[in-house]
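Listing of my_file_14.csv, CSV, C-alpha atoms and all ligand atoms
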chain,number,residue,atom,x,y,z
A,1,MET,CA,17.8,-15.4,-21.2
A,2,SER,CA,16.2,-12.9,-18.8
A,3,LYS,CA,16.4,-13.2,-15.1
A,4,THR,CA,14.0,-15.4,-13.1
A,5,HIS,CA,12.2,-13.2,-10.6
A,6,LYS,CA,12.2,-14.6,-7.0
A,7,ILE,CA,8.8,-13.9,-5.5
A,8,ALA,CA,7.8,-14.7,-1.9
A,9,VAL,CA,4.1,-15.2,-1.2
A,10,LEU,CA,2.5,-14.6,2.1
A,11,SER,CA,-1.2,-15.0,1.8
A,12,GLY,CA,-1.9,-14.5,5.5
A,13,ASP,CA,-5.3,-14.4,7.2
A,14,GLY,CA,-9.0,-14.3,6.2
A,15,ILE,CA,-9.6,-13.5,2.6
A,16,GLY,CA,-5.8,-13.2,2.0
A,17,PRO,CA,-5.4,-16.6,0.3
A,18,GLU,CA,-8.4,-16.1,-2.0
A,19,VAL,CA,-7.3,-12.7,-3.3
A,20,VAL,CA,-3.7,-13.8,-3.6
A,21,HIS,CA,-4.8,-16.8,-5.6
A,22,GLU,CA,-6.4,-14.5,-8.2
A,23,GLY,CA,-3.3,-12.3,-8.2
A,24,LEU,CA,-1.1,-15.3,-9.0
A,25,ARG,CA,-3.3,-16.3,-11.9
A,26,ILE,CA,-2.8,-12.9,-13.4
A,27,LEU,CA,1.0,-13.1,-12.7
A,28,GLU,CA,1.1,-16.4,-14.5
A,29,ALA,CA,-0.8,-15.1,-17.5
A,30,ALA,CA,1.5,-12.0,-17.7
A,31,ALA,CA,4.6,-14.2,-17.5
A,32,ASP,CA,3.3,-16.4,-20.4
A,33,ARG,CA,2.5,-13.4,-22.5
A,34,TRP,CA,5.5,-11.2,-21.8
A,35,GLY,CA,8.0,-14.1,-21.6
A,36,PHE,CA,9.5,-13.7,-18.2
A,37,SER,CA,10.0,-16.4,-15.6
A,38,TYR,CA,9.6,-16.5,-11.8
A,39,GLU,CA,9.8,-18.8,-8.9
A,40,LEU,CA,7.4,-18.6,-5.9
A,41,THR,CA,8.2,-19.4,-2.3
A,42,GLU,CA,5.1,-19.6,-0.1
A,43,TYR,CA,5.2,-18.7,3.6
A,44,PRO,CA,2.5,-19.9,6.0
A,45,TYR,CA,2.6,-17.1,8.5
A,46,GLY,CA,-0.5,-15.4,9.9
A,47,THR,CA,-3.0,-16.1,12.7
A,48,GLU,CA,-3.8,-19.7,11.6
A,49,HIS,CA,-0.1,-20.7,11.7
A,50,TRP,CA,0.3,-18.9,15.1
A,51,LEU,CA,-2.6,-20.8,16.5
A,52,ALA,CA,-1.5,-24.1,15.0
A,53,THR,CA,2.0,-23.8,16.5
A,54,GLY,CA,0.8,-23.0,20.0
A,55,GLY,CA,-0.9,-19.6,20.0
A,56,GLU,CA,-0.4,-17.9,23.3
A,57,ASP,CA,1.9,-20.7,24.4
A,58,GLY,CA,4.8,-19.7,22.1
A,59,GLY,CA,3.1,-19.9,18.7
A,60,GLU,CA,5.3,-18.8,15.7
A,61,ILE,CA,4.7,-15.4,14.3
A,62,PHE,CA,7.5,-14.9,11.8
A,63,PRO,CA,10.7,-16.7,12.7
A,64,ASP,CA,13.9,-14.7,12.1
A,65,GLU,CA,15.3,-17.4,9.8
A,66,ALA,CA,12.2,-17.3,7.5
A,67,PHE,CA,12.2,-13.5,7.7
A,68,ALA,CA,15.9,-13.4,6.5
A,69,GLU,CA,15.1,-16.0,3.8
A,70,ALA,CA,12.1,-14.0,2.6
A,71,GLN,CA,14.2,-10.9,2.2
A,72,GLN,CA,16.4,-12.7,-0.3
A,73,HIS,CA,13.6,-12.6,-2.8
A,74,ASP,CA,13.1,-9.7,-5.3
A,75,ALA,CA,9.6,-9.1,-4.0
A,76,LEU,CA,6.9,-10.4,-1.7
A,77,LEU,CA,3.2,-10.5,-2.4
A,78,LEU,CA,1.1,-10.3,0.7
A,79,GLY,CA,-2.7,-10.9,1.1
A,80,ALA,CA,-3.9,-9.7,4.5
A,81,ILE,CA,-3.0,-10.0,8.1
A,82,GLY,CA,-5.3,-9.7,11.1
A,83,ASP,CA,-7.8,-12.0,12.9
A,84,PRO,CA,-9.8,-11.5,16.1
A,85,ARG,CA,-8.6,-14.8,17.5
A,86,ALA,CA,-5.2,-13.3,18.2
A,87,PRO,CA,-4.5,-10.4,20.6
A,88,VAL,CA,-4.9,-7.0,18.9
A,89,GLY,CA,-1.9,-6.0,16.8
A,90,LEU,CA,0.2,-9.1,17.6
A,91,ILE,CA,0.3,-10.7,14.2
A,92,GLU,CA,0.0,-7.4,12.3
A,93,ARG,CA,3.1,-6.0,14.1
A,94,GLY,CA,4.9,-9.3,14.0
A,95,VAL,CA,4.5,-9.9,10.3
A,96,ILE,CA,3.7,-6.7,8.3
A,97,GLY,CA,5.4,-4.5,10.9
A,98,LYS,CA,8.5,-6.6,10.9
A,99,LEU,CA,8.7,-6.7,7.1
A,100,ARG,CA,8.3,-2.9,6.9
A,101,TRP,CA,10.4,-1.7,9.8
A,102,GLU,CA,13.1,-4.4,10.1
A,103,GLY,CA,13.1,-4.9,6.3
A,104,GLY,CA,13.8,-1.2,5.7
A,105,LEU,CA,10.8,-0.8,3.3
A,106,TYR,CA,10.8,2.9,3.9
A,107,ILE,CA,8.2,3.9,1.2
A,108,ASN,CA,4.6,3.0,1.4
A,109,LEU,CA,3.4,4.0,-2.1
A,110,ARG,CA,-0.4,4.2,-2.4
A,111,PRO,CA,-1.8,5.3,-5.8
A,112,ILE,CA,-5.3,6.7,-5.7
A,113,LYS,CA,-6.7,6.5,-9.2
A,114,LEU,CA,-10.4,6.5,-10.2
A,115,PHE,CA,-10.9,4.3,-13.3
A,116,ASP,CA,-14.6,5.2,-13.9
A,117,GLU,CA,-16.8,7.9,-12.4
A,118,ARG,CA,-19.4,5.2,-11.5
A,119,TRP,CA,-17.1,4.1,-8.7
A,120,CYS,CA,-16.6,7.4,-7.0
A,121,PRO,CA,-18.9,8.2,-4.1
A,122,LEU,CA,-18.4,11.9,-4.6
A,123,LYS,CA,-20.8,13.9,-6.8
A,124,ASP,CA,-19.5,15.1,-10.2
A,125,LYS,CA,-15.9,13.8,-9.9
A,126,SER,CA,-14.4,12.3,-13.0
A,127,PRO,CA,-11.3,10.0,-13.4
A,128,GLU,CA,-9.2,13.1,-14.5
A,129,GLN,CA,-9.9,14.6,-11.0
A,130,VAL,CA,-8.9,11.6,-9.0
A,131,ASP,CA,-5.4,10.6,-9.9
A,132,MET,CA,-2.8,11.0,-7.2
A,133,VAL,CA,-0.1,9.1,-5.3
A,134,ILE,CA,0.3,9.2,-1.6
A,135,VAL,CA,3.8,8.5,-0.4
A,136,ARG,CA,3.5,7.3,3.2
A,137,GLU,CA,6.6,7.1,5.4
A,138,ASN,CA,6.8,3.4,6.4
A,139,THR,CA,9.5,2.9,9.1
A,140,GLU,CA,9.0,5.6,11.8
A,141,ASP,CA,6.4,7.5,13.8
A,142,ALA,CA,4.0,6.2,16.5
A,143,TYR,CA,4.0,2.8,14.8
A,144,VAL,CA,7.4,1.5,15.5
A,145,PHE,CA,8.0,1.8,19.2
A,146,PRO,CA,6.5,-0.4,21.8
A,147,ALA,CA,3.7,1.1,23.8
A,148,GLU,CA,4.4,1.8,27.5
A,149,PHE,CA,1.8,1.5,30.2
A,150,GLU,CA,2.8,2.9,33.6
A,151,ASP,CA,0.6,1.8,36.5
A,152,GLU,CA,-1.5,-0.2,34.0
A,153,GLY,CA,-5.2,-0.4,35.1
A,154,GLY,CA,-4.4,2.0,38.0
A,155,PRO,CA,-6.0,5.4,38.6
A,156,ASN,CA,-2.7,7.1,37.6
A,157,GLU,CA,-2.1,5.1,34.5
A,158,VAL,CA,0.0,6.7,31.8
A,159,ALA,CA,0.1,5.2,28.3
A,160,SER,CA,2.6,6.4,25.7
A,161,GLN,CA,4.1,5.5,22.3
A,162,PRO,CA,6.3,8.2,20.8
A,163,MET,CA,5.9,10.0,17.5
A,164,ARG,CA,9.6,10.0,16.6
A,165,TYR,CA,11.2,11.0,13.4
A,166,THR,CA,14.8,10.9,12.3
A,167,ARG,CA,16.4,13.2,9.7
A,168,ALA,CA,17.5,10.2,7.6
A,169,GLY,CA,14.1,8.7,7.7
A,170,THR,CA,12.4,12.0,6.9
A,171,GLU,CA,14.8,12.9,4.1
A,172,ARG,CA,14.7,9.7,2.2
A,173,VAL,CA,10.9,9.6,2.0
A,174,ILE,CA,10.7,13.3,1.0
A,175,ARG,CA,13.4,12.8,-1.6
A,176,TYR,CA,11.6,9.8,-3.1
A,177,ALA,CA,8.4,11.9,-3.3
A,178,PHE,CA,10.2,14.7,-5.2
A,179,GLU,CA,11.7,12.2,-7.6
A,180,LEU,CA,8.2,10.7,-8.1
A,181,ALA,CA,6.7,14.1,-8.7
A,182,MET,CA,9.3,14.8,-11.4
A,183,THR,CA,8.1,11.7,-13.3
A,184,ARG,CA,4.5,13.0,-13.5
A,185,PRO,CA,3.1,15.5,-15.9
A,186,ARG,CA,1.9,18.0,-13.3
A,187,LYS,CA,5.0,17.8,-11.1
A,188,GLU,CA,3.2,18.8,-8.0
A,189,LEU,CA,4.0,17.7,-4.4
A,190,THR,CA,2.0,18.4,-1.3
A,191,LEU,CA,3.5,17.9,2.2
A,192,ILE,CA,0.8,16.7,4.6
A,193,ASP,CA,1.6,16.9,8.4
A,194,LYS,CA,0.3,18.4,11.6
A,195,ALA,CA,3.3,20.5,12.5
A,196,ASN,CA,1.1,23.2,14.1
A,197,ALA,CA,0.1,20.8,16.9
A,198,VAL,CA,2.7,18.0,16.8
A,199,ARG,CA,5.8,20.3,16.9
A,200,ALA,CA,8.1,17.3,16.3
A,201,GLN,CA,6.9,17.3,12.8
A,202,ASP,CA,8.7,20.6,12.2
A,203,ILE,CA,11.4,18.2,11.0
A,204,TYR,CA,9.1,17.5,8.0
A,205,THR,CA,8.6,21.2,7.3
A,206,ARG,CA,12.4,21.9,7.4
A,207,VAL,CA,13.6,18.9,5.5
A,208,PHE,CA,10.8,19.4,2.8
A,209,GLU,CA,12.0,23.0,2.3
A,210,GLU,CA,15.6,22.0,2.0
A,211,VAL,CA,15.0,19.2,-0.5
A,212,ALA,CA,12.6,21.3,-2.5
A,213,LYS,CA,15.6,23.6,-3.4
A,214,GLU,CA,17.1,20.7,-5.4
A,215,TYR,CA,13.8,20.3,-7.4
A,216,PRO,CA,13.0,23.8,-8.7
A,217,GLU,CA,10.6,22.3,-11.3
A,218,VAL,CA,8.4,20.7,-8.7
A,219,LYS,CA,5.5,22.9,-7.6
A,220,THR,CA,5.1,22.4,-3.8
A,221,ASP,CA,2.2,22.9,-1.5
A,222,HIS,CA,1.4,22.1,2.1
A,223,ALA,CA,-1.7,21.0,4.0
A,224,TYR,CA,-2.4,20.0,7.6
A,225,ILE,CA,-3.8,16.5,7.8
A,226,ASP,CA,-7.2,17.6,9.0
A,227,ALA,CA,-7.5,20.0,6.1
A,228,ALA,CA,-6.1,17.4,3.7
A,229,CYS,CA,-8.9,15.1,4.6
A,230,MET,CA,-11.4,17.8,3.8
A,231,TRP,CA,-9.7,18.6,0.4
A,232,MET,CA,-9.5,14.9,-0.4
A,233,ILE,CA,-13.3,14.9,-0.5
A,234,LYS,CA,-14.0,18.4,-1.7
A,235,ASN,CA,-11.3,18.8,-4.3
A,236,PRO,CA,-9.4,15.6,-4.9
A,237,GLU,CA,-8.1,17.2,-8.1
A,238,TRP,CA,-5.8,19.4,-6.0
A,239,PHE,CA,-3.5,16.4,-5.3
A,240,ASP,CA,-0.9,15.0,-7.6
A,241,VAL,CA,1.8,13.5,-5.3
A,242,ALA,CA,1.6,13.9,-1.5
A,243,VAL,CA,4.1,12.9,1.1
A,244,THR,CA,3.2,12.3,4.7
A,245,THR,CA,4.1,10.5,8.0
A,246,ASN,CA,3.3,6.9,8.7
A,247,LEU,CA,0.2,7.3,10.9
A,248,PHE,CA,-1.4,10.1,8.8
A,249,GLY,CA,-0.6,8.2,5.6
A,250,ASP,CA,-2.4,5.2,7.0
A,251,ILE,CA,-5.5,7.2,7.7
A,252,ILE,CA,-5.7,9.4,4.6
A,253,THR,CA,-5.1,6.4,2.3
A,254,ASP,CA,-8.2,4.7,3.6
A,255,LEU,CA,-10.1,7.9,2.7
A,256,GLY,CA,-8.4,7.9,-0.7
A,257,ALA,CA,-9.4,4.3,-1.2
A,258,MET,CA,-13.0,5.2,-0.9
A,259,VAL,CA,-12.6,8.1,-3.3
A,260,GLN,CA,-11.3,5.7,-6.0
A,261,GLY,CA,-14.0,3.2,-5.5
A,262,GLY,CA,-13.4,1.4,-2.2
A,263,MET,CA,-11.1,-1.1,-0.5
A,264,GLY,CA,-11.7,-3.6,-3.3
A,265,VAL,CA,-9.4,-1.7,-5.6
A,266,ALA,CA,-6.7,0.1,-3.5
A,267,ALA,CA,-3.2,-1.4,-3.7
A,268,SER,CA,0.1,-0.5,-2.2
A,269,GLY,CA,3.8,-1.1,-2.5
A,270,ASN,CA,6.1,-1.2,0.5
A,271,ILE,CA,9.3,-0.2,-1.2
A,272,ASN,CA,13.0,-0.1,-0.6
A,273,PRO,CA,14.0,1.2,-4.1
A,274,GLY,CA,15.9,-1.4,-6.1
A,275,GLN,CA,15.8,-3.9,-3.3
A,276,PHE,CA,13.4,-6.5,-1.8
A,277,SER,CA,10.0,-4.8,-1.6
A,278,LEU,CA,6.5,-5.9,-0.6
A,279,PHE,CA,3.2,-5.5,-2.5
A,280,GLU,CA,-0.3,-5.8,-1.0
A,281,PRO,CA,-3.9,-4.7,-1.2
A,282,ILE,CA,-4.5,-2.0,1.5
A,283,HIS,CA,-7.6,-3.8,2.8
A,284,GLY,CA,-7.7,-6.0,5.8
A,285,SER,CA,-8.5,-9.7,6.2
A,286,MET,CA,-12.3,-9.5,6.4
A,287,PRO,CA,-12.5,-12.5,8.7
A,288,LYS,CA,-16.3,-12.8,8.2
A,289,ALA,CA,-15.9,-13.2,4.4
A,290,THR,CA,-13.3,-15.9,4.6
A,291,GLY,CA,-13.7,-18.8,2.2
A,292,LYS,CA,-16.9,-17.4,0.7
A,293,ASN,CA,-15.4,-16.5,-2.7
A,294,THR,CA,-16.9,-13.0,-2.4
A,295,ALA,CA,-13.9,-10.8,-1.8
A,296,ASN,CA,-12.9,-8.4,-4.6
A,297,PRO,CA,-9.3,-9.3,-5.7
A,298,ILE,CA,-8.8,-6.2,-7.9
A,299,ALA,CA,-6.7,-4.5,-5.2
A,300,THR,CA,-4.4,-7.5,-5.1
A,301,ILE,CA,-4.3,-7.6,-8.9
A,302,ASN,CA,-3.3,-3.9,-8.9
A,303,ALA,CA,-0.6,-4.8,-6.3
A,304,VAL,CA,0.7,-7.4,-8.8
A,305,ALA,CA,0.9,-4.7,-11.4
A,306,MET,CA,2.9,-2.6,-9.0
A,307,MET,CA,5.1,-5.6,-8.2
A,308,LEU,CA,5.7,-6.1,-12.0
A,309,GLU,CA,6.8,-2.5,-12.3
A,310,HIS,CA,9.3,-3.0,-9.4
A,311,LEU,CA,10.6,-6.2,-11.1
A,312,GLY,CA,11.4,-4.2,-14.2
A,313,GLU,CA,8.6,-5.9,-16.2
A,314,THR,CA,7.3,-2.5,-17.3
A,315,GLU,CA,5.2,-3.7,-20.3
A,316,ALA,CA,3.5,-6.4,-18.3
A,317,ALA,CA,2.8,-4.0,-15.4
A,318,ALA,CA,1.2,-1.5,-17.8
A,319,ALA,CA,-0.8,-4.3,-19.4
A,320,VAL,CA,-2.2,-5.6,-16.1
A,321,GLU,CA,-3.1,-2.0,-15.0
A,322,GLY,CA,-4.6,-1.4,-18.5
A,323,ALA,CA,-6.6,-4.7,-18.3
A,324,VAL,CA,-8.0,-3.7,-14.9
A,325,ALA,CA,-8.8,-0.1,-16.2
A,326,ASP,CA,-10.6,-1.5,-19.3
A,327,LEU,CA,-12.6,-3.9,-17.2
A,328,LEU,CA,-13.6,-1.3,-14.6
A,329,ARG,CA,-14.7,1.1,-17.4
A,330,SER,CA,-16.8,-1.6,-19.1
A,331,ASP,CA,-20.4,-2.5,-18.6
A,332,ARG,CA,-19.5,-6.0,-17.5
A,333,VAL,CA,-18.9,-4.7,-13.9
A,334,LYS,CA,-22.0,-4.5,-11.7
A,335,GLY,CA,-20.1,-2.9,-8.9
A,336,LEU,CA,-17.0,-3.2,-6.8
A,337,LYS,CA,-18.5,-4.2,-3.5
A,338,ALA,CA,-17.7,-7.7,-2.2
A,339,GLY,CA,-20.1,-10.3,-3.6
A,340,LEU,CA,-21.4,-8.5,-6.6
A,341,HIS,CA,-18.9,-10.7,-8.6
A,342,SER,CA,-17.3,-13.7,-7.0
A,343,THR,CA,-13.5,-13.6,-6.3
A,344,SER,CA,-12.8,-16.1,-9.1
A,345,GLU,CA,-15.1,-14.3,-11.6
A,346,TRP,CA,-13.1,-11.1,-11.1
A,347,GLY,CA,-9.9,-13.1,-11.9
A,348,ASP,CA,-11.6,-14.6,-15.0
A,349,MET,CA,-12.7,-11.1,-16.2
A,350,VAL,CA,-9.2,-9.6,-15.8
A,351,LEU,CA,-7.7,-12.6,-17.6
A,352,GLU,CA,-10.1,-12.0,-20.5
A,353,GLN,CA,-9.3,-8.3,-20.7
A,354,LEU,CA,-5.6,-9.2,-20.6
A,355,SER,CA,-5.8,-11.5,-23.5
A,356,ALA,CA,-8.0,-9.0,-25.4
A,357,LEU,CA,-5.2,-6.4,-25.2
A,358,SER,CA,-3.3,-5.9,-28.4
A,359,VAL,CA,0.4,-5.7,-27.8
B,1,LIG,C1,-2.3,-0.7,6.4
B,1,LIG,C2,-2.9,-1.3,7.6
B,1,LIG,C3,-1.8,-1.6,8.6
B,1,LIG,C4,-1.2,-0.2,9.0
B,1,LIG,C5,-2.2,-2.4,9.9
B,1,LIG,C6,-2.7,-3.8,9.5
B,1,LIG,C7,-1.2,-2.5,10.9
B,1,LIG,O1,-3.9,-0.6,8.1
B,1,LIG,O2,-1.4,-1.3,5.8
B,1,LIG,O3,-2.7,0.4,6.1
B,1,LIG,O4,-1.8,0.5,9.9
B,1,LIG,O5,-0.3,0.2,8.4
B,2,MG,MG,-4.4,1.1,7.0
structure tokens encoding of this file:
Amino acid sequence: MSKTHKIAVLSGDGIGPEVVHEGLRILEAAADRWGFSYELTEYPYGTEHWLATGGEDGGEIFPDEAFAEAQQHDALLLGAIGDPRAPVGLIERGVIGKLRWEGGLYINLRPIKLFDERWCPLKDKSPEQVDMVIVRENTEDAYVFPAEFEDEGGPNEVASQPMRYTRAGTERVIRYAFELAMTRPRKELTLIDKANAVRAQDIYTRVFEEVAKEYPEVKTDHAYIDAACMWMIKNPEWFDVAVTTNLFGDIITDLGAMVQGGMGVAASGNINPGQFSLFEPIHGSMPKATGKNTANPIATINAVAMMLEHLGETEAAAAVEGAVADLLRSDRVKGLKAGLHSTSEWGDMVLEQLSALSV
């Protein structure tokens, strides 16, 4: 009897519940077909819950007890967090931030894979030329420290939030990226930073060089973040695996999402290897599209595939990824933009592809 996977579900704000619903339909079908079992625990956190429990007057964001309980699961599937009815960043930092930083999910893994050249906005780029993984550091950098405002609103106001990196935090993400590069045919790894201007990032330069000595088979390269943005558009085929800091990783993966066909397809894993990890689409909550059944759930379905891989359900993971790939290569798909197919229609189409796969 195989193990029952314990999966926490946090659908969150906006279109989160709609896309997660489709992701869970795929999970259920995969479990039936590949014979594994799972239990779901749903968590209500997000802006609606914060407002319903008092909002500015002490509304709940993510209580410590629930946070500790969620971490007892094998994985968490998250929809989206963010809503203009809450102060900027409050719920994002309190839910996603807390899970990533306090939960020790130190890798943010963001594959950028083009399934069909119709979806690439760049001229003459084929799927062979857009197939990379960005390894984004997920627990440090300008993200994790509170902002400080001295003399707020005054003429001498000073605002700061440090870009701070530890050796342990830097080394573990770089090591993970080398290990990942070793599993890929090209075995290439690019370090992306801005050490020429942000001298604190010299720690990335040095640690990368040190760790590289342990992986002589990996071909290494380096690009500053500004140039990397340019290469991502001009020559995406230059990238195989890339490792970068939290903030730069956030930015370049939105760019990467566009190159692979848009926010409708881009998924990510927030990973603590072998431990509780979180999987989510990289898009936001699209408040205006809420409840309209227009959001594209493919990113969430791709996140489910990543989650299955993490859970050790390798065949099911490959099948879900394969079903999405087959669908996106087929003529059935009119386009990836929200509304061209309804959210539930996308789910139906992936389910059909999944049952058409021969195992
Ligand atoms: C992402 C998002 C988050 C981030 C936001 C919601 C805080 O943009 O996952 O990329 O900046 O990390
Ligand atoms: Mg982002």
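If one restricts the calculation to only C-alpha atoms and all ligand atoms, the set of residues situated within 9 Å of ligand MG 2 (chain B) consists of Leu247, Gly249, Asp250, Ile251, Ile252, Thr253, Asp254, Ile282, His283 and Gly284 of chain A.
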Output file for the residues above (C-alpha atoms, as an mmCIF file, in the coordinates of the input):
data_model
loop_
_atom_site.group_PDB
_atom_site.id
_atom_site.type_symbol
_atom_site.label_atom_id
_atom_site.label_comp_id
_atom_site.auth_asym_id
_atom_site.auth_seq_id
_atom_site.Cartn_x
_atom_site.Cartn_y
_atom_site.Cartn_z
ATOM 1 C CA LEU A 247 0.200 7.300 10.900
ATOM 2 C CA GLY A 249 -0.600 8.200 5.600
ATOM 3 C CA ASP A 250 -2.400 5.200 7.000
ATOM 4 C CA ILE A 251 -5.500 7.200 7.700
ATOM 5 C CA ILE A 252 -5.700 9.400 4.600
ATOM 6 C CA THR A 253 -5.100 6.400 2.300
ATOM 7 C CA ASP A 254 -8.200 4.700 3.600
ATOM 8 C CA ILE A 282 -4.500 -2.000 1.500
ATOM 9 C CA HIS A 283 -7.600 -3.800 2.800
ATOM 10 C CA GLY A 284 -7.700 -6.000 5.800
#
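Distances to ligand LIG 1 (chain B) were evaluated for A:Ser285, A:Ser11, A:Thr290, A:Thr343 using all atoms listed in the file, and the minimum falls at A:Ser285.
Residues surrounding stretch 40-52 of chain A within 9 Å are His5, Lys6, Ile7, Ala8, Val9, Leu10, Ser11, Gly12, Asp13, Gly55, Glu56, Gly58, Gly59, Glu60, Ile61, Phe62, Ala66, Ala70, His73, Ala80, Ile81, Gly82, Asp83, Pro84, Arg85, Ala86, Ile91, Glu92 and Val95 of chain A [all atoms listed in the file; sequence separation below 3 positions excluded].
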*In terms of the shortest atom-to-atom distance over only C-alpha atoms, which of A:Leu90, A:Ala31, A:Thr220, A:Gly103 is closest to A:Pro146?*
A:Leu90
*Which distance in Å separates atom CA of A:His222 and atom CA of A:Asp124, to one decimal?*
25.2 Å
*One decimal, Å: what's the distance from atom CA of A:Asp326 over to atom CA of A:Gly14, could you say?*
28.6 Å
